[in-house]
Amino acid sequence: MTKKLLIISYYWPPGSGPGVQRWLKFVKYLHQLGHTCTIVTVRNGSYPSFDSTLENEIPSNCNVLKTRTIEPFTLFNILQGKKGKQMQVAMADLKGEKTKFKKIANLIRANLFIPDARKGWNYFAYREASKFLKNNAADVIITSGPPHSTHLVGLKLQKKFNIKWLADFRDPWTEISYNSLLMRSNRSIRKDKMLETQVLEKASQVLVVSEEMKRSFANRCNQINVLHNGYDESDFEEQNNPQNPQFTITYTGNFKNNQNINLWWECLKKMNLLKKNIVFQIIGNIAPLIEESIEQKDISMVVQKVSFVPHLEAIKFMQQADLLFLPIPKVENNLGILTGKIFEYLASKTPILAMGPENGDASKILSKLHREPMIGYNDRQKLEKTLNDHYDKWYNNTDTKIKSNLHNTFNRKNLTLKLIDIING
């Protein structure tokens, strides 16, 4: 039985990143399978990066309703002498040395914009969604967060229209890593927790992207399901790549402050001194602490920086690499961090060197698919051995591409079929 879905998502093309990919790909396959989707999104959102090529993937018969928004990022940038509303990568300005201005901005952001600084979009999103529902039928409304303020739109719509509501959590809410860096009062913390609990208790169904997130939410939900991120098979063409002239390790996406692992830079430097012909490619935006570490560790000669590229180009970099680097953010409550990147890394069939919690959800995925195990943040012996083993394989021109298709579980089309089962349930 086909469904009519109203999806409210701040992240949508031309924005880029995993927050955009998740619902763009679901919508693509929902339409192919005969379901109807209407999207309510923002007209001029503040994103870390933009990729207009993703607009080509929006189904031609998909109804996209874009609204205006009022957000503090524009004012914040103006006061810093910057243009536009583009924000820094993953709250990058919260770490490191803080100016007096940034401390005041942090205090305001922490205590006036609860749950987040994009709550100014809620009025416009709610008004547009209400207007649509008054004139059109919908079986289910779906809200996706972050920004988790979007779920408050779903809460109001459910109450007004008595409609089924699915709340999708791509990241934790009150336990998200950067909240510990915000100068929040106890009152603000309690208010945020109260809003989170209201959403979890009232939603007809809750979706999360990892088992750890499910465990943290389960006792406050009616129904909760894990629906992982994934990869789109149509994005991956077979590549016949010649051997790279240098041993090439690649990282794609936003390289954030909380992914700064000292041991990684130290081992990279040591390996370069011994082997010489290696390169570490960073494809995307680089946060300030990462830049500082590259300079301080004196490994600029090893690092090749490539500015942000469209999604399909990033996938080619993954496929052409000899080894992919996957650092799980080094923060509290990181066992449930399961980035969208890991699934595209798996689909590229390139070997993965992952660093992070050895008992986390990402580690379990790698183990399930018989990939190399997660390396702990301080396990120098294992990291050096893994790097040297892969270097030797490259040096001997050994084919290291993964032949197994066990990752088909995370194919976007298969995940959409699971989503439909959840919605029908």
# chains A, B, ... in the order shown; residues from 1 in each chain; ligands from 1
call {"tool": "select_by_dssp", "arguments": {"residues": "region 29-233 of chain A", "states": "helix (DSSP H, G or I)", "output": "ChimeraX atom specification"}}
result
/A:29-32,52-57,73-79,89-94,100-112,119-135,150-161,177-181,186-202,211-220,233
call {"tool": "closest_residue", "arguments": {"among": "A:Ser216, A:Gln319, A:Asn244, A:Ser144", "to": "Ile176 (chain A)", "atoms": "only C-alpha atoms"}}
result
A:Ser216
call {"tool": "closest_residue", "arguments": {"among": "A:Ile261, A:Ile278, A:Ala347, A:Met1", "to": "Ile294 (chain A)", "atoms": "only C-alpha atoms"}}
result
A:Ile261
call {"tool": "closest_residue", "arguments": {"among": "A:Thr250, A:Asn56, A:Trp265, A:Trp394", "to": "Leu312 (chain A)", "atoms": "only C-alpha atoms"}}
result
A:Asn56
call {"tool": "residues_around", "arguments": {"residues": "region 410-418 of chain A", "least_positions_apart": "5", "cutoff": "10 Å", "atoms": "only C-alpha atoms", "output": "PyMOL selection string"}}
result
chain A and resi 22-23+25-30+32-33+226-234+343-344+346-347+423-424
call {"tool": "write_last_selection", "arguments": {"atoms": "N, CA and C atoms", "output": "mmCIF file, in the first residue's frame"}}
result
data_model
loop_
_atom_site.group_PDB
_atom_site.id
_atom_site.type_symbol
_atom_site.label_atom_id
_atom_site.label_comp_id
_atom_site.auth_asym_id
_atom_site.auth_seq_id
_atom_site.Cartn_x
_atom_site.Cartn_y
_atom_site.Cartn_z
ATOM 1 N N ARG A 22 20.839 11.396 3.775
ATOM 2 C CA ARG A 22 19.925 10.415 4.365
ATOM 3 C C ARG A 22 18.529 10.519 3.765
ATOM 4 N N TRP A 23 17.928 11.703 3.805
ATOM 5 C CA TRP A 23 16.541 11.803 3.336
ATOM 6 C C TRP A 23 16.440 12.045 1.840
ATOM 7 N N LYS A 25 18.197 10.368 -0.318
ATOM 8 C CA LYS A 25 18.216 9.005 -0.863
ATOM 9 C C LYS A 25 16.937 8.246 -0.526
ATOM 10 N N PHE A 26 16.413 8.431 0.697
ATOM 11 C CA PHE A 26 15.137 7.793 1.017
ATOM 12 C C PHE A 26 14.041 8.263 0.055
ATOM 13 N N VAL A 27 13.989 9.566 -0.165
ATOM 14 C CA VAL A 27 12.957 10.124 -1.055
ATOM 15 C C VAL A 27 13.120 9.581 -2.472
ATOM 16 N N LYS A 28 14.344 9.489 -2.937
ATOM 17 C CA LYS A 28 14.611 8.951 -4.275
ATOM 18 C C LYS A 28 13.986 7.571 -4.444
ATOM 19 N N TYR A 29 14.226 6.683 -3.476
ATOM 20 C CA TYR A 29 13.726 5.308 -3.613
ATOM 21 C C TYR A 29 12.269 5.172 -3.200
ATOM 22 N N LEU A 30 11.794 6.011 -2.297
ATOM 23 C CA LEU A 30 10.367 6.008 -1.976
ATOM 24 C C LEU A 30 9.543 6.318 -3.220
ATOM 25 N N GLN A 32 10.514 5.895 -6.351
ATOM 26 C CA GLN A 32 10.648 4.775 -7.292
ATOM 27 C C GLN A 32 9.704 3.640 -6.933
ATOM 28 N N LEU A 33 9.426 3.489 -5.637
ATOM 29 C CA LEU A 33 8.562 2.405 -5.165
ATOM 30 C C LEU A 33 7.092 2.818 -5.096
ATOM 31 N N VAL A 226 16.131 1.007 14.787
ATOM 32 C CA VAL A 226 17.406 1.439 14.219
ATOM 33 C C VAL A 226 17.302 1.367 12.701
ATOM 34 N N LEU A 227 17.586 2.467 12.049
ATOM 35 C CA LEU A 227 17.642 2.498 10.588
ATOM 36 C C LEU A 227 18.945 3.215 10.222
ATOM 37 N N HIS A 228 19.940 2.408 9.879
ATOM 38 C CA HIS A 228 21.278 2.947 9.634
ATOM 39 C C HIS A 228 21.294 3.907 8.444
ATOM 40 N N ASN A 229 22.355 4.708 8.368
ATOM 41 C CA ASN A 229 22.688 5.366 7.123
ATOM 42 C C ASN A 229 23.227 4.298 6.175
ATOM 43 N N GLY A 230 23.531 4.687 4.942
ATOM 44 C CA GLY A 230 23.985 3.673 3.997
ATOM 45 C C GLY A 230 24.679 4.287 2.808
ATOM 46 N N TYR A 231 24.687 3.544 1.713
ATOM 47 C CA TYR A 231 25.302 4.011 0.475
ATOM 48 C C TYR A 231 24.336 3.735 -0.667
ATOM 49 N N ASP A 232 24.447 4.526 -1.718
ATOM 50 C CA ASP A 232 23.608 4.365 -2.896
ATOM 51 C C ASP A 232 24.432 3.660 -3.967
ATOM 52 N N GLU A 233 24.021 2.454 -4.309
ATOM 53 C CA GLU A 233 24.782 1.646 -5.267
ATOM 54 C C GLU A 233 24.988 2.365 -6.598
ATOM 55 N N SER A 234 24.026 3.193 -6.987
ATOM 56 C CA SER A 234 24.135 3.884 -8.275
ATOM 57 C C SER A 234 25.234 4.951 -8.263
ATOM 58 N N PHE A 343 29.698 3.802 5.696
ATOM 59 C CA PHE A 343 28.993 2.943 4.745
ATOM 60 C C PHE A 343 29.470 3.181 3.315
ATOM 61 N N GLU A 344 29.786 4.426 3.002
ATOM 62 C CA GLU A 344 30.340 4.689 1.670
ATOM 63 C C GLU A 344 31.778 4.193 1.583
ATOM 64 N N LEU A 346 32.796 1.501 3.066
ATOM 65 C CA LEU A 346 32.612 0.064 2.841
ATOM 66 C C LEU A 346 32.263 -0.230 1.386
ATOM 67 N N ALA A 347 31.378 0.585 0.818
ATOM 68 C CA ALA A 347 30.932 0.364 -0.556
ATOM 69 C C ALA A 347 32.046 0.594 -1.570
ATOM 70 N N ILE A 423 7.064 2.264 8.519
ATOM 71 C CA ILE A 423 5.938 3.177 8.342
ATOM 72 C C ILE A 423 4.608 2.414 8.300
ATOM 73 N N ASN A 424 4.590 1.304 7.602
ATOM 74 C CA ASN A 424 3.357 0.505 7.539
ATOM 75 C C ASN A 424 2.990 -0.066 8.902
#
call {"tool": "select_by_dssp", "arguments": {"residues": "region 1-226 of chain A", "states": "strand (DSSP E)", "output": "PyMOL selection string"}}
result
chain A and resi 4-9+36-42+63-67+140-145+164-169+205-208+224-226
call {"tool": "residues_around", "arguments": {"residues": "Ser348 (chain A)", "least_positions_apart": "4", "cutoff": "10 Å", "atoms": "only C-alpha atoms", "output": "VMD selection string"}}
result
chain A and resid 231 233 235 to 239 315 to 321 324 342 to 344 352 401 to 402
call {"tool": "write_last_selection", "arguments": {"atoms": "C-alpha atoms", "output": "PDB file, in the first residue's frame"}}
result
ATOM      1  CA  TYR A 231      25.302   4.011   0.475  1.00  0.00           C
ATOM      2  CA  GLU A 233      24.782   1.646  -5.267  1.00  0.00           C
ATOM      3  CA  ASP A 235      26.826   6.292  -6.991  1.00  0.00           C
ATOM      4  CA  PHE A 236      29.541   3.637  -7.287  1.00  0.00           C
ATOM      5  CA  GLU A 237      30.859   2.738 -10.724  1.00  0.00           C
ATOM      6  CA  GLU A 238      33.424  -0.021 -11.163  1.00  0.00           C
ATOM      7  CA  GLN A 239      36.903   1.519 -11.268  1.00  0.00           C
ATOM      8  CA  ILE A 315      33.456   8.740  -3.991  1.00  0.00           C
ATOM      9  CA  LYS A 316      36.067   8.483  -6.770  1.00  0.00           C
ATOM     10  CA  PHE A 317      38.726   9.618  -4.310  1.00  0.00           C
ATOM     11  CA  MET A 318      37.575   6.813  -1.965  1.00  0.00           C
ATOM     12  CA  GLN A 319      37.810   4.218  -4.732  1.00  0.00           C
ATOM     13  CA  GLN A 320      41.231   5.387  -5.908  1.00  0.00           C
ATOM     14  CA  ALA A 321      42.828   5.363  -2.444  1.00  0.00           C
ATOM     15  CA  LEU A 324      40.819   5.068   3.907  1.00  0.00           C
ATOM     16  CA  ILE A 342      31.597   4.419   7.103  1.00  0.00           C
ATOM     17  CA  PHE A 343      28.993   2.943   4.745  1.00  0.00           C
ATOM     18  CA  GLU A 344      30.340   4.689   1.670  1.00  0.00           C
ATOM     19  CA  ILE A 352      39.691   1.004   6.026  1.00  0.00           C
ATOM     20  CA  LYS A 401      40.160  -4.343  -2.956  1.00  0.00           C
ATOM     21  CA  ILE A 402      37.502  -6.089  -0.854  1.00  0.00           C
TER      22      ILE A 402
END
call {"tool": "closest_residue", "arguments": {"among": "A:Ile58, A:Ala203, A:Leu6, A:Ile299", "to": "Thr36 (chain A)", "atoms": "only C-alpha atoms"}}
result
A:Leu6
call {"tool": "residues_around", "arguments": {"residues": "Asn334 (chain A)", "least_positions_apart": "5", "cutoff": "10 Å", "atoms": "only C-alpha atoms", "output": "compact mmCIF listing (two decimals) with C-alpha atoms, in the first residue's frame"}}
result
# COMPACT_ATOMS: atom_id res chain seq x y z
CA GLU A 175 23.94 14.03 24.80
CA ILE A 176 25.39 15.33 21.51
CA SER A 177 29.12 15.90 21.94
CA GLU A 212 23.70 2.77 21.28
CA MET A 213 21.29 5.62 20.52
CA ILE A 328 35.59 8.26 15.27
CA PRO A 329 35.19 11.57 17.17
CA GLY A 356 38.02 4.89 17.93
CA PRO A 357 36.29 2.97 20.74
CA GLY A 360 31.45 1.01 19.80
CA ASP A 361 28.80 0.52 17.12
CA ALA A 362 31.21 1.43 14.29
